[in-house]
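Undergrad: Provided herewith is a single structure, encoded as structure tokens, for subsequent inquiry.
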Amino acid sequence: MPVVYLLRHGQASADAVDYDALSSTGREQSRLLGVELLARQVKVAAVRSGTLNRQRDTAAEAVAAAGIDLAPVQDPRWNEYDHMELLQGHPLSRDASVQQILDAALHRWTADADATGAWTAFRDGALAALRETADGLGAGEAALVFTSAGIIAAICASLIDPEGAGFVALNRMVVNASITKLVHGRGGTRLLTFNDHAHFESGDDRRALLTYR
């Protein structure tokens, strides 16, 4: 049965001038992600990523660590939503945390089909990219997709519920360089495991690499 692995990028550089770059922690997370994929002996037939630097660089680090001789194919449908635009468009009280503001903005965004950044276009683009990727795989083959929390949450929420009602809650939980596994068969694509990050739980050094942002 074909398998698609949705892999979140490593930690970005939140405090730097350029957010869209892996931090030193993000690079180590990406390397360990590749080590984990190598240990799983995944039969990789395709590698995909968004066009964002943090996604492409995670792919490069992980693929190298896994010894995979395939160049990632970039597709903007795997790109994250613009969180800065959402935050600017949905200001809340100064007493609220950034996460609370973002969650509220996402709730409003997903409820407004005409909002800038169109939630439905974002979700449907991700689902279309997933279908094309899964349909291109043969029996027993796997695709690696290096993407972001929003894409992973949108796809998983839609697979669980057609309305995608759990998107915001799932989005909040996705760990950097985590593994979400989807299986594809005659009945369509199904969610098998979500947000697997066991590769960051085998020792204190690795536990220190567990991040959500």
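How things are named: the first chain in the structure tokens is A, the next is B, and so on; residues count from 1 in each chain; ligands count from 1 in the order shown.
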Taking the DSSP assignment computed from this structure's backbone, write out as a PDB file with N, CA and C atoms, in the first residue's frame all residues of region 46-131 of chain A that belong to helix (DSSP H, G or I).
TA:
ATOM      1  N   ASN A  53      12.039  28.490   2.432  1.00  0.00           N
ATOM      2  CA  ASN A  53      13.414  28.099   2.763  1.00  0.00           C
ATOM      3  C   ASN A  53      13.465  27.054   3.873  1.00  0.00           C
ATOM      4  N   ARG A  54      12.639  27.232   4.907  1.00  0.00           N
ATOM      5  CA  ARG A  54      12.686  26.305   6.035  1.00  0.00           C
ATOM      6  C   ARG A  54      12.241  24.900   5.626  1.00  0.00           C
ATOM      7  N   GLN A  55      11.345  24.815   4.648  1.00  0.00           N
ATOM      8  CA  GLN A  55      10.907  23.512   4.146  1.00  0.00           C
ATOM      9  C   GLN A  55      11.991  22.881   3.269  1.00  0.00           C
ATOM     10  N   ARG A  56      12.547  23.673   2.361  1.00  0.00           N
ATOM     11  CA  ARG A  56      13.571  23.161   1.446  1.00  0.00           C
ATOM     12  C   ARG A  56      14.837  22.745   2.195  1.00  0.00           C
ATOM     13  N   ASP A  57      15.227  23.548   3.191  1.00  0.00           N
ATOM     14  CA  ASP A  57      16.442  23.232   3.941  1.00  0.00           C
ATOM     15  C   ASP A  57      16.248  22.009   4.839  1.00  0.00           C
ATOM     16  N   THR A  58      15.054  21.856   5.391  1.00  0.00           N
ATOM     17  CA  THR A  58      14.759  20.637   6.159  1.00  0.00           C
ATOM     18  C   THR A  58      14.856  19.419   5.248  1.00  0.00           C
ATOM     19  N   ALA A  59      14.297  19.525   4.054  1.00  0.00           N
ATOM     20  CA  ALA A  59      14.367  18.428   3.097  1.00  0.00           C
ATOM     21  C   ALA A  59      15.813  18.073   2.776  1.00  0.00           C
ATOM     22  N   ALA A  60      16.642  19.078   2.532  1.00  0.00           N
ATOM     23  CA  ALA A  60      18.043  18.826   2.176  1.00  0.00           C
ATOM     24  C   ALA A  60      18.786  18.117   3.303  1.00  0.00           C
ATOM     25  N   GLU A  61      18.581  18.596   4.537  1.00  0.00           N
ATOM     26  CA  GLU A  61      19.254  17.990   5.693  1.00  0.00           C
ATOM     27  C   GLU A  61      18.781  16.556   5.918  1.00  0.00           C
ATOM     28  N   ALA A  62      17.487  16.351   5.875  1.00  0.00           N
ATOM     29  CA  ALA A  62      16.923  15.028   6.178  1.00  0.00           C
ATOM     30  C   ALA A  62      17.250  14.010   5.095  1.00  0.00           C
ATOM     31  N   VAL A  63      17.119  14.410   3.860  1.00  0.00           N
ATOM     32  CA  VAL A  63      17.407  13.504   2.743  1.00  0.00           C
ATOM     33  C   VAL A  63      18.870  13.068   2.764  1.00  0.00           C
ATOM     34  N   ALA A  64      19.757  14.010   3.058  1.00  0.00           N
ATOM     35  CA  ALA A  64      21.179  13.669   3.142  1.00  0.00           C
ATOM     36  C   ALA A  64      21.445  12.695   4.279  1.00  0.00           C
ATOM     37  N   ALA A  65      20.837  12.940   5.439  1.00  0.00           N
ATOM     38  CA  ALA A  65      21.043  12.060   6.602  1.00  0.00           C
ATOM     39  C   ALA A  65      20.456  10.674   6.373  1.00  0.00           C
ATOM     40  N   ALA A  66      19.395  10.602   5.567  1.00  0.00           N
ATOM     41  CA  ALA A  66      18.749   9.327   5.286  1.00  0.00           C
ATOM     42  C   ALA A  66      19.406   8.578   4.132  1.00  0.00           C
ATOM     43  N   PRO A  76       4.418  24.978  -4.494  1.00  0.00           N
ATOM     44  CA  PRO A  76       3.932  25.984  -3.545  1.00  0.00           C
ATOM     45  C   PRO A  76       2.654  25.594  -2.809  1.00  0.00           C
ATOM     46  N   ARG A  77       1.963  24.566  -3.288  1.00  0.00           N
ATOM     47  CA  ARG A  77       0.753  24.125  -2.576  1.00  0.00           C
ATOM     48  C   ARG A  77       1.094  23.513  -1.224  1.00  0.00           C
ATOM     49  N   TRP A  78       2.366  23.180  -1.000  1.00  0.00           N
ATOM     50  CA  TRP A  78       2.807  22.671   0.293  1.00  0.00           C
ATOM     51  C   TRP A  78       3.253  23.795   1.228  1.00  0.00           C
ATOM     52  N   HIS A  83       1.305  33.615   8.391  1.00  0.00           N
ATOM     53  CA  HIS A  83       0.858  33.879   9.770  1.00  0.00           C
ATOM     54  C   HIS A  83       0.951  35.357  10.127  1.00  0.00           C
ATOM     55  N   MET A  84       1.927  36.070   9.541  1.00  0.00           N
ATOM     56  CA  MET A  84       2.058  37.493   9.846  1.00  0.00           C
ATOM     57  C   MET A  84       0.867  38.276   9.300  1.00  0.00           C
ATOM     58  N   GLU A  85       0.422  37.911   8.137  1.00  0.00           N
ATOM     59  CA  GLU A  85      -0.758  38.566   7.557  1.00  0.00           C
ATOM     60  C   GLU A  85      -1.988  38.295   8.408  1.00  0.00           C
ATOM     61  N   LEU A  86      -2.133  37.068   8.873  1.00  0.00           N
ATOM     62  CA  LEU A  86      -3.278  36.733   9.712  1.00  0.00           C
ATOM     63  C   LEU A  86      -3.246  37.490  11.036  1.00  0.00           C
ATOM     64  N   LEU A  87      -2.078  37.571  11.637  1.00  0.00           N
ATOM     65  CA  LEU A  87      -1.958  38.269  12.916  1.00  0.00           C
ATOM     66  C   LEU A  87      -2.250  39.761  12.762  1.00  0.00           C
ATOM     67  N   GLN A  88      -1.804  40.346  11.664  1.00  0.00           N
ATOM     68  CA  GLN A  88      -2.055  41.771  11.433  1.00  0.00           C
ATOM     69  C   GLN A  88      -3.524  42.036  11.145  1.00  0.00           C
ATOM     70  N   GLY A  89      -4.164  41.081  10.526  1.00  0.00           N
ATOM     71  CA  GLY A  89      -5.559  41.278  10.163  1.00  0.00           C
ATOM     72  C   GLY A  89      -6.548  40.984  11.270  1.00  0.00           C
ATOM     73  N   VAL A  98       0.628  35.283  21.922  1.00  0.00           N
ATOM     74  CA  VAL A  98       0.705  35.165  20.468  1.00  0.00           C
ATOM     75  C   VAL A  98      -0.101  33.958  19.992  1.00  0.00           C
ATOM     76  N   GLN A  99      -0.024  32.845  20.750  1.00  0.00           N
ATOM     77  CA  GLN A  99      -0.768  31.640  20.369  1.00  0.00           C
ATOM     78  C   GLN A  99      -2.272  31.886  20.418  1.00  0.00           C
ATOM     79  N   GLN A 100      -2.733  32.590  21.431  1.00  0.00           N
ATOM     80  CA  GLN A 100      -4.159  32.891  21.542  1.00  0.00           C
ATOM     81  C   GLN A 100      -4.618  33.777  20.382  1.00  0.00           C
ATOM     82  N   ILE A 101      -3.787  34.756  20.029  1.00  0.00           N
ATOM     83  CA  ILE A 101      -4.120  35.647  18.918  1.00  0.00           C
ATOM     84  C   ILE A 101      -4.164  34.859  17.611  1.00  0.00           C
ATOM     85  N   LEU A 102      -3.155  34.002  17.408  1.00  0.00           N
ATOM     86  CA  LEU A 102      -3.110  33.205  16.182  1.00  0.00           C
ATOM     87  C   LEU A 102      -4.298  32.260  16.095  1.00  0.00           C
ATOM     88  N   ASP A 103      -4.630  31.596  17.199  1.00  0.00           N
ATOM     89  CA  ASP A 103      -5.774  30.676  17.197  1.00  0.00           C
ATOM     90  C   ASP A 103      -7.059  31.413  16.836  1.00  0.00           C
ATOM     91  N   ALA A 104      -7.249  32.582  17.419  1.00  0.00           N
ATOM     92  CA  ALA A 104      -8.454  33.361  17.130  1.00  0.00           C
ATOM     93  C   ALA A 104      -8.481  33.786  15.662  1.00  0.00           C
ATOM     94  N   ALA A 105      -7.313  34.188  15.148  1.00  0.00           N
ATOM     95  CA  ALA A 105      -7.226  34.585  13.743  1.00  0.00           C
ATOM     96  C   ALA A 105      -7.536  33.414  12.820  1.00  0.00           C
ATOM     97  N   LEU A 106      -7.042  32.241  13.167  1.00  0.00           N
ATOM     98  CA  LEU A 106      -7.300  31.054  12.348  1.00  0.00           C
ATOM     99  C   LEU A 106      -8.769  30.654  12.388  1.00  0.00           C
ATOM    100  N   HIS A 107      -9.392  30.767  13.559  1.00  0.00           N
ATOM    101  CA  HIS A 107     -10.823  30.463  13.648  1.00  0.00           C
ATOM    102  C   HIS A 107     -11.623  31.393  12.734  1.00  0.00           C
ATOM    103  N   ARG A 108     -11.261  32.668  12.740  1.00  0.00           N
ATOM    104  CA  ARG A 108     -11.980  33.630  11.903  1.00  0.00           C
ATOM    105  C   ARG A 108     -11.698  33.378  10.418  1.00  0.00           C
ATOM    106  N   TRP A 109     -10.446  33.056  10.127  1.00  0.00           N
ATOM    107  CA  TRP A 109     -10.042  32.806   8.741  1.00  0.00           C
ATOM    108  C   TRP A 109     -10.796  31.609   8.167  1.00  0.00           C
ATOM    109  N   THR A 110     -10.874  30.530   8.924  1.00  0.00           N
ATOM    110  CA  THR A 110     -11.540  29.321   8.425  1.00  0.00           C
ATOM    111  C   THR A 110     -13.054  29.490   8.340  1.00  0.00           C
ATOM    112  N   ALA A 111     -13.592  30.467   9.054  1.00  0.00           N
ATOM    113  CA  ALA A 111     -15.041  30.696   9.025  1.00  0.00           C
ATOM    114  C   ALA A 111     -15.445  31.660   7.919  1.00  0.00           C
ATOM    115  N   TRP A 119      -9.053  30.419   3.085  1.00  0.00           N
ATOM    116  CA  TRP A 119      -8.890  29.132   3.751  1.00  0.00           C
ATOM    117  C   TRP A 119      -9.219  27.976   2.818  1.00  0.00           C
ATOM    118  N   THR A 120     -10.313  28.075   2.098  1.00  0.00           N
ATOM    119  CA  THR A 120     -10.712  26.958   1.231  1.00  0.00           C
ATOM    120  C   THR A 120      -9.676  26.701   0.142  1.00  0.00           C
ATOM    121  N   ALA A 121      -9.088  27.751  -0.401  1.00  0.00           N
ATOM    122  CA  ALA A 121      -8.062  27.578  -1.435  1.00  0.00           C
ATOM    123  C   ALA A 121      -6.819  26.932  -0.842  1.00  0.00           C
ATOM    124  N   PHE A 122      -6.472  27.348   0.359  1.00  0.00           N
ATOM    125  CA  PHE A 122      -5.316  26.774   1.059  1.00  0.00           C
ATOM    126  C   PHE A 122      -5.530  25.288   1.310  1.00  0.00           C
ATOM    127  N   ARG A 123      -6.671  24.935   1.887  1.00  0.00           N
ATOM    128  CA  ARG A 123      -6.981  23.545   2.205  1.00  0.00           C
ATOM    129  C   ARG A 123      -7.099  22.693   0.943  1.00  0.00           C
ATOM    130  N   ASP A 124      -7.836  23.194  -0.035  1.00  0.00           N
ATOM    131  CA  ASP A 124      -8.080  22.406  -1.240  1.00  0.00           C
ATOM    132  C   ASP A 124      -6.803  22.231  -2.057  1.00  0.00           C
ATOM    133  N   GLY A 125      -5.940  23.233  -2.040  1.00  0.00           N
ATOM    134  CA  GLY A 125      -4.666  23.099  -2.733  1.00  0.00           C
ATOM    135  C   GLY A 125      -3.812  22.013  -2.113  1.00  0.00           C
ATOM    136  N   ALA A 126      -3.796  21.959  -0.781  1.00  0.00           N
ATOM    137  CA  ALA A 126      -3.030  20.928  -0.080  1.00  0.00           C
ATOM    138  C   ALA A 126      -3.584  19.542  -0.370  1.00  0.00           C
ATOM    139  N   LEU A 127      -4.905  19.410  -0.367  1.00  0.00           N
ATOM    140  CA  LEU A 127      -5.528  18.115  -0.636  1.00  0.00           C
ATOM    141  C   LEU A 127      -5.282  17.662  -2.076  1.00  0.00           C
ATOM    142  N   ALA A 128      -5.283  18.617  -3.013  1.00  0.00           N
ATOM    143  CA  ALA A 128      -5.006  18.274  -4.408  1.00  0.00           C
ATOM    144  C   ALA A 128      -3.562  17.812  -4.570  1.00  0.00           C
ATOM    145  N   ALA A 129      -2.634  18.504  -3.917  1.00  0.00           N
ATOM    146  CA  ALA A 129      -1.226  18.106  -3.978  1.00  0.00           C
ATOM    147  C   ALA A 129      -1.036  16.724  -3.370  1.00  0.00           C
ATOM    148  N   LEU A 130      -1.763  16.442  -2.297  1.00  0.00           N
ATOM    149  CA  LEU A 130      -1.692  15.124  -1.671  1.00  0.00           C
ATOM    150  C   LEU A 130      -2.202  14.043  -2.614  1.00  0.00           C
ATOM    151  N   ARG A 131      -3.344  14.288  -3.252  1.00  0.00           N
ATOM    152  CA  ARG A 131      -3.903  13.289  -4.170  1.00  0.00           C
ATOM    153  C   ARG A 131      -2.937  12.986  -5.311  1.00  0.00           C
TER     154      ARG A 131
END
Undergrad: Would you please give, as JSON, numbers by chain, all residues of region 39-131 of chain A that DSSP assigns to strand (DSSP E) based on the backbone?
TA: {"A": [44, 45, 46, 47, 48, 49, 73, 74]}
Undergrad: Go ahead and write the selection's residues with N, CA and C atoms as a short mmCIF file (atom, residue, chain, number, x, y, z; two decimals), in the first residue's frame.
TA:
data_model
loop_
_atom_site.label_atom_id
_atom_site.label_comp_id
_atom_site.auth_asym_id
_atom_site.auth_seq_id
_atom_site.Cartn_x
_atom_site.Cartn_y
_atom_site.Cartn_z
N VAL A 44 11.52 4.97 -0.44
CA VAL A 44 11.15 6.30 -0.94
C VAL A 44 11.21 6.35 -2.46
N ALA A 45 10.07 6.70 -3.05
CA ALA A 45 9.99 6.83 -4.51
C ALA A 45 9.84 8.27 -4.96
N ALA A 46 9.50 9.17 -4.04
CA ALA A 46 9.30 10.57 -4.39
C ALA A 46 9.56 11.44 -3.17
N VAL A 47 10.12 12.62 -3.41
CA VAL A 47 10.35 13.60 -2.36
C VAL A 47 9.76 14.93 -2.82
N ARG A 48 8.95 15.53 -1.98
CA ARG A 48 8.30 16.80 -2.30
C ARG A 48 8.55 17.80 -1.18
N SER A 49 8.47 19.07 -1.51
CA SER A 49 8.55 20.12 -0.48
C SER A 49 7.84 21.36 -0.99
N VAL A 73 11.13 17.75 -5.20
CA VAL A 73 10.39 18.54 -6.19
C VAL A 73 9.56 19.57 -5.42
N GLN A 74 9.74 20.84 -5.76
CA GLN A 74 9.06 21.90 -5.03
C GLN A 74 7.68 22.19 -5.61
#
Undergrad: For Ile151 (chain A), which residue out of A:Ala14, A:Leu6, A:Val183, A:Ala198 is the nearest one, using only C-alpha atoms?
TA: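 Of A:Ala14, A:Leu6, A:Val183, A:Ala198, the one nearest Ile151 (chain A), counting only C-alpha atoms, is A:Leu6.
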Undergrad: Tell me, in Å to one decimal, how far CA of His9 (chain A) is from CA of Ala165 (chain A).
TA: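 Distance reported for this atom pair: 23.8 Å.
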Undergrad: Here is a test: counting only C-alpha atoms, which residue of A:Leu52, A:Leu170, A:Ala157, A:Val42 is nearest to Val4 (chain A)?
TA: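 Closest to Val4 (chain A), using only C-alpha atoms: A:Val42.
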Undergrad: Can you pull out the residues contacting Leu159 (chain A)? Cut-off 8 Å, using only C-alpha atoms, and skip same-chain residues under 3 positions away; I want them as a list in words.
TA: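 Near neighbours after the sequence-gap exclusion: Ile155, Cys156, Pro162, Gly164, Thr189, Arg190 and Leu191 of chain A.
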Undergrad: Restricting the output to C-alpha atoms, write the selected residues as a CSV table (one decimal), in the first residue's frame.
TA:
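selection-v8.csv, written as the output of this step:
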chain,number,residue,atom,x,y,z
A,155,ILE,CA,-5.0,17.7,5.6
A,156,CYS,CA,-5.5,15.6,8.7
A,162,PRO,CA,-15.0,16.7,5.7
A,164,GLY,CA,-12.1,20.2,8.8
A,189,THR,CA,-6.2,8.3,1.7
A,190,ARG,CA,-6.4,7.6,5.5
A,191,LEU,CA,-4.6,9.0,8.5
Undergrad: Identify, on the basis of only C-alpha atoms, every residue whose closest approach to region 171-181 of chain A does not exceed 8 Å; exclude the query and any residue fewer than 5 positions from it along the same chain; express the result as a PDB file with N, CA, C and O atoms, in the first residue's frame.
TA:
ATOM      1  N   VAL A   3       2.357   4.914   0.747  1.00  0.00           N
ATOM      2  CA  VAL A   3       2.382   5.694   1.978  1.00  0.00           C
ATOM      3  C   VAL A   3       2.903   7.102   1.680  1.00  0.00           C
ATOM      4  O   VAL A   3       3.862   7.264   0.912  1.00  0.00           O
ATOM      5  N   VAL A   4       2.282   8.094   2.281  1.00  0.00           N
ATOM      6  CA  VAL A   4       2.774   9.474   2.200  1.00  0.00           C
ATOM      7  C   VAL A   4       3.130   9.928   3.606  1.00  0.00           C
ATOM      8  O   VAL A   4       2.297   9.863   4.516  1.00  0.00           O
ATOM      9  N   TYR A   5       4.365  10.374   3.771  1.00  0.00           N
ATOM     10  CA  TYR A   5       4.822  10.917   5.047  1.00  0.00           C
ATOM     11  C   TYR A   5       4.814  12.445   4.962  1.00  0.00           C
ATOM     12  O   TYR A   5       5.514  13.033   4.130  1.00  0.00           O
ATOM     13  N   LEU A   6       4.011  13.070   5.811  1.00  0.00           N
ATOM     14  CA  LEU A   6       4.006  14.530   5.922  1.00  0.00           C
ATOM     15  C   LEU A   6       4.981  14.910   7.032  1.00  0.00           C
ATOM     16  O   LEU A   6       4.781  14.542   8.198  1.00  0.00           O
ATOM     17  N   LEU A   7       6.027  15.642   6.685  1.00  0.00           N
ATOM     18  CA  LEU A   7       7.120  15.939   7.605  1.00  0.00           C
ATOM     19  C   LEU A   7       7.185  17.444   7.850  1.00  0.00           C
ATOM     20  O   LEU A   7       7.388  18.225   6.908  1.00  0.00           O
ATOM     21  N   ARG A   8       6.995  17.828   9.098  1.00  0.00           N
ATOM     22  CA  ARG A   8       7.070  19.256   9.390  1.00  0.00           C
ATOM     23  C   ARG A   8       8.522  19.718   9.373  1.00  0.00           C
ATOM     24  O   ARG A   8       9.430  18.988   9.789  1.00  0.00           O
ATOM     25  N   HIS A   9       8.723  20.935   8.924  1.00  0.00           N
ATOM     26  CA  HIS A   9      10.078  21.495   8.889  1.00  0.00           C
ATOM     27  C   HIS A   9      10.654  21.654  10.294  1.00  0.00           C
ATOM     28  O   HIS A   9       9.919  21.680  11.294  1.00  0.00           O
ATOM     29  N   GLY A  10      11.965  21.774  10.369  1.00  0.00           N
ATOM     30  CA  GLY A  10      12.622  22.043  11.647  1.00  0.00           C
ATOM     31  C   GLY A  10      12.319  23.451  12.135  1.00  0.00           C
ATOM     32  O   GLY A  10      11.708  24.261  11.426  1.00  0.00           O
ATOM     33  N   GLN A  11      12.745  23.728  13.343  1.00  0.00           N
ATOM     34  CA  GLN A  11      12.474  25.037  13.969  1.00  0.00           C
ATOM     35  C   GLN A  11      13.004  26.175  13.104  1.00  0.00           C
ATOM     36  O   GLN A  11      14.153  26.166  12.658  1.00  0.00           O
ATOM     37  N   GLY A  26      16.838  23.754  14.518  1.00  0.00           N
ATOM     38  CA  GLY A  26      16.076  23.254  13.386  1.00  0.00           C
ATOM     39  C   GLY A  26      16.904  22.374  12.464  1.00  0.00           C
ATOM     40  O   GLY A  26      16.401  21.367  11.937  1.00  0.00           O
ATOM     41  N   GLN A  29      17.324  19.054  14.277  1.00  0.00           N
ATOM     42  CA  GLN A  29      16.049  18.326  14.200  1.00  0.00           C
ATOM     43  C   GLN A  29      15.890  17.669  12.829  1.00  0.00           C
ATOM     44  O   GLN A  29      15.468  16.507  12.722  1.00  0.00           O
ATOM     45  N   SER A  30      16.235  18.397  11.794  1.00  0.00           N
ATOM     46  CA  SER A  30      16.103  17.890  10.433  1.00  0.00           C
ATOM     47  C   SER A  30      17.032  16.702  10.196  1.00  0.00           C
ATOM     48  O   SER A  30      16.661  15.720   9.537  1.00  0.00           O
ATOM     49  N   LEU A  33      15.601  13.745  11.931  1.00  0.00           N
ATOM     50  CA  LEU A  33      14.459  13.260  11.158  1.00  0.00           C
ATOM     51  C   LEU A  33      14.945  12.317  10.060  1.00  0.00           C
ATOM     52  O   LEU A  33      14.377  11.237   9.842  1.00  0.00           O
ATOM     53  N   ALA A 149       3.144  23.014   9.608  1.00  0.00           N
ATOM     54  CA  ALA A 149       2.087  22.594  10.530  1.00  0.00           C
ATOM     55  C   ALA A 149       0.693  22.861   9.975  1.00  0.00           C
ATOM     56  O   ALA A 149      -0.209  22.033  10.116  1.00  0.00           O
ATOM     57  N   GLY A 150       0.494  24.011   9.353  1.00  0.00           N
ATOM     58  CA  GLY A 150      -0.824  24.352   8.845  1.00  0.00           C
ATOM     59  C   GLY A 150      -1.296  23.401   7.764  1.00  0.00           C
ATOM     60  O   GLY A 150      -2.464  23.010   7.734  1.00  0.00           O
ATOM     61  N   ILE A 152      -0.225  20.261   7.318  1.00  0.00           N
ATOM     62  CA  ILE A 152      -0.442  18.961   7.948  1.00  0.00           C
ATOM     63  C   ILE A 152      -1.780  18.949   8.685  1.00  0.00           C
ATOM     64  O   ILE A 152      -2.570  18.004   8.566  1.00  0.00           O
ATOM     65  N   ALA A 153      -2.051  20.007   9.437  1.00  0.00           N
ATOM     66  CA  ALA A 153      -3.303  20.091  10.193  1.00  0.00           C
ATOM     67  C   ALA A 153      -4.510  20.160   9.267  1.00  0.00           C
ATOM     68  O   ALA A 153      -5.548  19.534   9.527  1.00  0.00           O
ATOM     69  N   ALA A 154      -4.401  20.916   8.183  1.00  0.00           N
ATOM     70  CA  ALA A 154      -5.520  21.046   7.242  1.00  0.00           C
ATOM     71  C   ALA A 154      -5.840  19.706   6.599  1.00  0.00           C
ATOM     72  O   ALA A 154      -7.014  19.328   6.472  1.00  0.00           O
ATOM     73  N   LEU A 191      -5.573   8.623   7.481  1.00  0.00           N
ATOM     74  CA  LEU A 191      -4.580   9.001   8.476  1.00  0.00           C
ATOM     75  C   LEU A 191      -4.254   7.801   9.341  1.00  0.00           C
ATOM     76  O   LEU A 191      -5.135   7.198   9.951  1.00  0.00           O
ATOM     77  N   LEU A 192      -2.966   7.437   9.384  1.00  0.00           N
ATOM     78  CA  LEU A 192      -2.535   6.299  10.194  1.00  0.00           C
ATOM     79  C   LEU A 192      -1.897   6.764  11.498  1.00  0.00           C
ATOM     80  O   LEU A 192      -2.263   6.294  12.577  1.00  0.00           O
ATOM     81  N   THR A 193      -0.922   7.673  11.416  1.00  0.00           N
ATOM     82  CA  THR A 193      -0.329   8.244  12.631  1.00  0.00           C
ATOM     83  C   THR A 193      -0.157   9.746  12.442  1.00  0.00           C
ATOM     84  O   THR A 193       0.164  10.217  11.344  1.00  0.00           O
ATOM     85  N   PHE A 194      -0.360  10.493  13.521  1.00  0.00           N
ATOM     86  CA  PHE A 194      -0.265  11.953  13.477  1.00  0.00           C
ATOM     87  C   PHE A 194       0.802  12.444  14.447  1.00  0.00           C
ATOM     88  O   PHE A 194       0.850  12.026  15.601  1.00  0.00           O
ATOM     89  N   ASN A 195       1.718  13.303  13.932  1.00  0.00           N
ATOM     90  CA  ASN A 195       2.616  14.048  14.806  1.00  0.00           C
ATOM     91  C   ASN A 195       3.574  13.146  15.601  1.00  0.00           C
ATOM     92  O   ASN A 195       3.900  13.420  16.755  1.00  0.00           O
ATOM     93  N   ASP A 196       4.047  12.068  15.003  1.00  0.00           N
ATOM     94  CA  ASP A 196       4.972  11.153  15.669  1.00  0.00           C
ATOM     95  C   ASP A 196       6.316  11.856  15.887  1.00  0.00           C
ATOM     96  O   ASP A 196       6.951  12.329  14.947  1.00  0.00           O
ATOM     97  N   HIS A 197       6.754  11.914  17.135  1.00  0.00           N
ATOM     98  CA  HIS A 197       8.036  12.566  17.453  1.00  0.00           C
ATOM     99  C   HIS A 197       8.846  11.732  18.436  1.00  0.00           C
ATOM    100  O   HIS A 197       9.617  12.260  19.242  1.00  0.00           O
ATOM    101  N   LEU A 210      12.904  19.013  21.309  1.00  0.00           N
ATOM    102  CA  LEU A 210      11.453  18.985  21.069  1.00  0.00           C
ATOM    103  C   LEU A 210      10.893  20.406  21.133  1.00  0.00           C
ATOM    104  O   LEU A 210      10.871  21.037  22.179  1.00  0.00           O
ATOM    105  N   THR A 211      10.442  20.907  19.987  1.00  0.00           N
ATOM    106  CA  THR A 211       9.882  22.268  19.916  1.00  0.00           C
ATOM    107  C   THR A 211       8.614  22.265  19.079  1.00  0.00           C
ATOM    108  O   THR A 211       8.390  21.360  18.259  1.00  0.00           O
ATOM    109  N   TYR A 212       7.807  23.285  19.291  1.00  0.00           N
ATOM    110  CA  TYR A 212       6.555  23.425  18.549  1.00  0.00           C
ATOM    111  C   TYR A 212       6.551  24.642  17.625  1.00  0.00           C
ATOM    112  O   TYR A 212       5.687  24.769  16.766  1.00  0.00           O
ATOM    113  N   ARG A 213       7.476  25.542  17.814  1.00  0.00           N
ATOM    114  CA  ARG A 213       7.533  26.777  17.021  1.00  0.00           C
ATOM    115  C   ARG A 213       8.962  27.045  16.562  1.00  0.00           C
ATOM    116  O   ARG A 213       9.897  26.671  17.236  1.00  0.00           O
TER     117      ARG A 213
END
Undergrad: Please determine, counting only C-alpha atoms, which residue among A:Met1, A:Gly166, A:Arg31, A:Lys43 has the shortest atom-to-atom distance to Asp135 (chain A).
TA: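 Answer, going by the shortest atom-to-atom distance: A:Met1.
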Undergrad: Between CA of Ser13 (chain A) and CA of Ser202 (chain A), what distance in Å does the model show, to one decimal?
TA: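 Between CA of Ser13 (chain A) and CA of Ser202 (chain A) the gap is 24.9 Å.
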